[in-house]
Every structure is written in structure tokens, then in C-alpha cells.
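work17.cif (mmCIF, C-alpha atoms and all ligand atoms)
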data_input
loop_
_atom_site.label_atom_id
_atom_site.label_comp_id
_atom_site.auth_asym_id
_atom_site.auth_seq_id
_atom_site.Cartn_x
_atom_site.Cartn_y
_atom_site.Cartn_z
CA MET A 1 32.61 -41.00 12.16
CA SER A 2 34.58 -43.31 9.95
CA ILE A 3 34.29 -43.47 6.21
CA LYS A 4 33.88 -47.20 6.08
CA ILE A 5 30.47 -48.35 4.98
CA LYS A 6 28.49 -50.68 7.14
CA THR A 7 25.12 -52.11 6.34
CA PHE A 8 22.66 -53.38 8.88
CA ALA A 9 19.47 -55.31 8.83
CA ALA A 10 16.89 -52.68 9.60
CA LEU A 11 16.28 -53.74 13.19
CA SER A 12 15.77 -50.74 15.38
CA CYS A 13 15.43 -48.61 12.30
CA ALA A 14 12.13 -50.32 11.63
CA PHE A 15 10.80 -48.06 14.35
CA ALA A 16 12.17 -45.03 12.61
CA LEU A 17 10.69 -46.13 9.32
CA SER A 18 7.28 -46.86 10.72
CA ALA A 19 6.42 -43.20 10.91
CA LEU A 20 7.16 -41.40 7.67
CA SER A 21 6.56 -37.90 8.87
CA PHE A 22 8.28 -34.98 7.26
CA GLY A 23 6.39 -32.29 9.10
CA PHE A 24 8.54 -29.87 11.01
CA ALA A 25 7.12 -27.05 13.05
CA PRO A 26 9.19 -23.90 13.41
CA GLY A 27 11.60 -24.34 16.27
CA ALA A 28 14.03 -22.41 18.38
CA GLN A 29 17.44 -21.61 16.93
CA ALA A 30 20.23 -23.42 18.73
CA ALA A 31 22.98 -20.89 18.12
CA GLY A 32 23.08 -17.36 16.79
CA ALA A 33 26.51 -16.59 15.43
CA HIS A 34 27.00 -19.76 13.44
CA ALA A 35 26.39 -20.13 9.73
CA ILE A 36 24.59 -23.36 10.56
CA SER A 37 21.75 -23.57 13.03
CA ALA A 38 19.92 -26.64 14.25
CA ARG A 39 16.23 -26.87 14.90
CA GLU A 40 13.68 -29.50 15.78
CA ALA A 41 16.36 -31.70 17.32
CA TRP A 42 14.96 -34.79 18.96
CA VAL A 43 15.79 -38.40 19.68
CA ARG A 44 13.46 -41.34 19.29
CA TRP A 45 14.28 -43.40 22.33
CA LEU A 46 13.89 -47.18 22.25
CA PRO A 47 13.68 -49.55 25.22
CA ASN A 48 16.06 -52.38 26.17
CA ASN A 49 19.22 -50.50 25.26
CA LEU A 50 18.36 -50.58 21.58
CA PRO A 51 20.06 -47.88 19.53
CA ALA A 52 18.17 -44.58 19.46
CA ALA A 53 17.70 -42.39 16.38
CA GLY A 54 18.48 -38.67 16.37
CA TYR A 55 16.72 -36.25 14.06
CA VAL A 56 17.46 -32.60 13.35
CA THR A 57 16.98 -29.99 10.65
CA LEU A 58 20.15 -28.07 9.75
CA VAL A 59 19.77 -24.58 8.31
CA ASN A 60 22.60 -22.84 6.46
CA ALA A 61 22.42 -19.05 6.56
CA SER A 62 25.62 -18.58 4.56
CA ASP A 63 26.16 -18.33 0.81
CA LYS A 64 28.36 -21.44 0.66
CA PRO A 65 27.45 -25.10 1.02
CA ILE A 66 28.65 -26.54 4.33
CA ASP A 67 29.09 -30.23 5.10
CA LEU A 68 28.22 -31.96 8.34
CA VAL A 69 31.39 -34.02 8.76
CA ASP A 70 31.32 -35.48 12.26
CA ILE A 71 28.97 -36.20 15.13
CA SER A 72 29.93 -37.04 18.68
CA SER A 73 28.19 -37.09 22.04
CA ASN A 74 29.08 -37.20 25.71
CA ASP A 75 25.86 -39.12 26.25
CA TYR A 76 26.50 -41.97 23.80
CA GLY A 77 29.57 -44.03 23.02
CA ASP A 78 28.75 -44.08 19.34
CA ALA A 79 26.98 -41.50 17.16
CA MET A 80 26.89 -42.17 13.42
CA LEU A 81 25.04 -40.63 10.52
CA HIS A 82 23.08 -43.27 8.64
CA GLN A 83 20.89 -43.23 5.60
CA THR A 84 18.06 -45.66 5.05
CA VAL A 85 18.27 -47.16 1.58
CA SER A 86 15.47 -49.11 -0.05
CA ASN A 87 16.43 -52.04 -2.21
CA GLY A 88 13.29 -53.63 -3.51
CA SER A 89 11.46 -55.05 -0.53
CA THR A 90 14.33 -54.66 1.92
CA GLN A 91 15.70 -51.61 3.66
CA LYS A 92 19.21 -51.15 4.92
CA MET A 93 21.13 -48.55 6.83
CA VAL A 94 24.25 -47.20 5.18
CA MET A 95 26.97 -45.13 6.86
CA VAL A 96 27.18 -41.56 5.56
CA ASP A 97 30.51 -39.75 5.89
CA LYS A 98 29.21 -36.27 5.17
CA LEU A 99 25.96 -34.48 4.56
CA THR A 100 25.87 -31.21 2.62
CA VAL A 101 23.68 -28.35 3.81
CA PRO A 102 23.09 -26.20 0.71
CA ALA A 103 23.83 -22.47 0.70
CA HIS A 104 20.84 -20.53 2.03
CA GLY A 105 19.12 -23.87 2.38
CA GLN A 106 18.45 -26.66 4.80
CA VAL A 107 18.60 -30.40 5.09
CA ALA A 108 16.39 -32.56 7.26
CA ILE A 109 17.75 -35.55 9.10
CA ALA A 110 14.28 -36.99 9.42
CA PRO A 111 12.44 -40.31 9.72
CA GLY A 112 12.56 -42.29 6.47
CA GLY A 113 15.78 -40.69 5.27
CA TYR A 114 18.79 -39.86 7.41
CA HIS A 115 19.13 -40.51 11.10
CA VAL A 116 21.85 -40.24 13.67
CA MET A 117 22.31 -43.72 15.09
CA LEU A 118 22.98 -43.42 18.81
CA GLU A 119 24.42 -46.49 20.49
CA ASP A 120 26.04 -47.36 23.79
CA ALA A 121 24.37 -44.80 26.07
CA LYS A 122 26.83 -43.73 28.76
CA HIS A 123 24.11 -43.27 31.36
CA LYS A 124 20.41 -44.01 31.68
CA VAL A 125 18.51 -42.03 29.06
CA LYS A 126 14.71 -41.93 29.01
CA PRO A 127 11.93 -39.96 27.32
CA GLY A 128 11.75 -36.45 28.75
CA ASP A 129 15.54 -36.17 29.04
CA THR A 130 17.75 -33.91 26.97
CA VAL A 131 20.93 -35.27 25.40
CA HIS A 132 23.62 -33.30 23.63
CA LEU A 133 25.21 -34.01 20.29
CA THR A 134 28.24 -32.13 19.01
CA LEU A 135 27.92 -31.52 15.28
CA LYS A 136 31.11 -30.64 13.39
CA PHE A 137 31.05 -28.87 10.04
CA SER A 138 33.44 -28.43 7.13
CA ASP A 139 33.81 -24.70 7.83
CA GLY A 140 35.40 -25.58 11.17
CA GLU A 141 32.40 -24.71 13.30
CA THR A 142 30.95 -27.02 15.91
CA LEU A 143 27.41 -26.91 17.20
CA ASP A 144 26.60 -28.33 20.61
CA THR A 145 22.96 -29.17 20.10
CA PRO A 146 20.40 -30.24 22.71
CA PHE A 147 18.13 -33.06 21.55
CA ALA A 148 14.80 -33.72 23.28
CA VAL A 149 14.39 -37.43 24.04
CA LYS A 150 10.94 -38.67 23.06
CA SER A 151 9.07 -41.95 23.27
CA PRO A 152 8.98 -44.39 20.32
CA ALA A 153 5.42 -43.30 19.58
CA GLN A 154 6.56 -39.80 18.63
CA THR A 155 6.97 -38.98 14.95
CA LYS A 156 8.43 -35.47 15.23
CU CU B 1 20.95 -46.54 11.70
#

Written as C-alpha cells, how would this file's structure read?
Ligand SMILES: [Cu+2]
Amino acid sequence: MSIKIKTFAALSCAFALSALSFGFAPGAQAAGAHAISAREAWVRWLPNNLPAAGYVTLVNASDKPIDLVDISSNDYGDAMLHQTVSNGSTQKMVMVDKLTVPAHGQVAIAPGGYHVMLEDAKHKVKPGDTVHLTLKFSDGETLDTPFAVKSPAQTK
């Protein structure tokens, strides 16, 4: 993930914004030994090779803040953390170079706020599939996280 800032017209993100759901049911832990665990990881798939949006809640079990500093995937050519920013009547996506997970806290990458923009799928991806994102953190840990691919109608 580069630190340059790009803005986009909110094309495919309009789908993400259409459902402002912040509800997260308790989910399975992705990894045990890590300070950071990921839960409720899913991708809102879009047709016609439009970029997909990845969502996940990151939980920090340690007593220090930890930053999410990089995202990559073997399933997509490009995986970037974006934030949706409102500016009056328009909404734009802005590149985010890091996201802090507070000590003994959590942060939600969720519709209406942050999303992982997934572009350039390396193979056919469809709802019902599982894709993997590798999340890298400032404490040196990496988390290989399975994301459930869901249809555009899904909100969580
Ligand atoms: Cu985006």
C-alpha cells in the first residue's frame, strides 16, 4: 500500500455506502497466538469486474496500540485500505496508509467508513467463495485472513 493519496468518484463504493450497517455478530477468531485477531471478515462482491470491498473487524488483545500497515492478497492484484469521506453532498474515497487498532480495543473496517478496495481479481471470484487477504501490522505480525465472498445485497 503506497502512501500517496488518491481520490475517486464514489463509483463502486456507492454500493458499499448504500447499506450503512454497523452490526457485527460475534465471529470466529482467525488466529490464536497473535495480538491482533480478525473477525467478521467478508467481501462484498460486485459484478462485471467492478472492484470489491473487503470488511473486517480487528481486535487487539495487547496493551499497546498496533497499526495495520499493509494489505496484500494472492486473489487480487490490488488491495488498498480506503476511507469514505463526506464533503457536503459528495463522497470520495481516500487512501489510508495505516489504521490504528487501540490497545485492548478494536476497529471496524465496515460499510460507511473504511473498506479494503479489492481490484484486479487474479481468478474468477463469486459469492460463496473464500478469498484470503494478508494483513501486516506494525508489530511485525501478519495475519492471513479468510474473507467470505457475499453478494452485493449483503450488508454484513
Ligand atoms: Cu475504495

Note to self: Nearest residue to Lys136 in chain A out of A:Thr57, A:Met95, A:Val69, A:Asp78, using all atoms listed in the file?
What the structure shows: A:Val69

Next item on the list: Work out how far CA of Asn74 in chain A is from CA of Val101 in chain A, in Å to one decimal.
Entry: 24.2 Å

Next item on the list: Set the cut-off to 7 Å, count all atoms listed in the file, and list whatever residues fall near ligand CU 1 (chain B) as an MDAnalysis selection string.
Entry: chainID A and resid 13 82:83 93 115:117

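We find CA of Leu81 in chain A and CA of Tyr114 in chain A to be spaced 7.0 Å apart.
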
Using only C-alpha atoms, tabulate the residues of range 85-146 of chain A lying at most 12 Å from any atom of range 34-38 of chain A, each with its closest atom pair and that distance in Å to one decimal, by chain and increasing residue number, as a tab-separated table.
residue	atom	partner	partner_atom	distance
A:Thr100	CA	A:Ile36	CA	11.2
A:Val101	CA	A:Ile36	CA	8.4
A:Pro102	CA	A:Ile36	CA	10.4
A:Ala103	CA	A:Ala35	CA	9.7
A:His104	CA	A:Ala35	CA	9.5
A:Gly105	CA	A:Ile36	CA	9.9
A:Gln106	CA	A:Ile36	CA	9.0
A:Val107	CA	A:Ala38	CA	10.0
A:Ala108	CA	A:Ala38	CA	9.8
A:Ile109	CA	A:Ala38	CA	10.5
A:Leu133	CA	A:Ala38	CA	10.9
A:Thr134	CA	A:Ala38	CA	11.0
A:Leu135	CA	A:Ala38	CA	9.4
A:Lys136	CA	A:Ile36	CA	10.2
A:Phe137	CA	A:Ile36	CA	8.5
A:Ser138	CA	A:Ile36	CA	10.8
A:Asp139	CA	A:Ala35	CA	8.9
A:Gly140	CA	A:His34	CA	10.5
A:Glu141	CA	A:His34	CA	7.3
A:Thr142	CA	A:His34	CA	8.6
A:Leu143	CA	A:Ser37	CA	7.8
A:Asp144	CA	A:Ala38	CA	9.4
A:Thr145	CA	A:Ala38	CA	7.1
A:Pro146	CA	A:Ala38	CA	9.2

Give one line per residue of range 40-104 of chain A that approaches range 127-131 of chain A to at most 9 Å, naming the two atoms of the closest pair and their distance in Å to one decimal, counting only C-alpha atoms; sort by chain then ascending residue number and deliver it as JSON lines.
{"residue": "A:Trp42", "atom": "CA", "partner": "A:Thr130", "partner_atom": "CA", "distance": 8.5}
{"residue": "A:Val43", "atom": "CA", "partner": "A:Val131", "partner_atom": "CA", "distance": 8.3}
{"residue": "A:Arg44", "atom": "CA", "partner": "A:Pro127", "partner_atom": "CA", "distance": 8.3}
{"residue": "A:Trp45", "atom": "CA", "partner": "A:Pro127", "partner_atom": "CA", "distance": 6.5}
{"residue": "A:Ser73", "atom": "CA", "partner": "A:Val131", "partner_atom": "CA", "distance": 8.2}
{"residue": "A:Asn74", "atom": "CA", "partner": "A:Val131", "partner_atom": "CA", "distance": 8.4}
{"residue": "A:Asp75", "atom": "CA", "partner": "A:Val131", "partner_atom": "CA", "distance": 6.3}
{"residue": "A:Tyr76", "atom": "CA", "partner": "A:Val131", "partner_atom": "CA", "distance": 8.9}

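Across the structure, CA of Asn87 in chain A and CA of Leu50 in chain A are spaced 23.9 Å apart.
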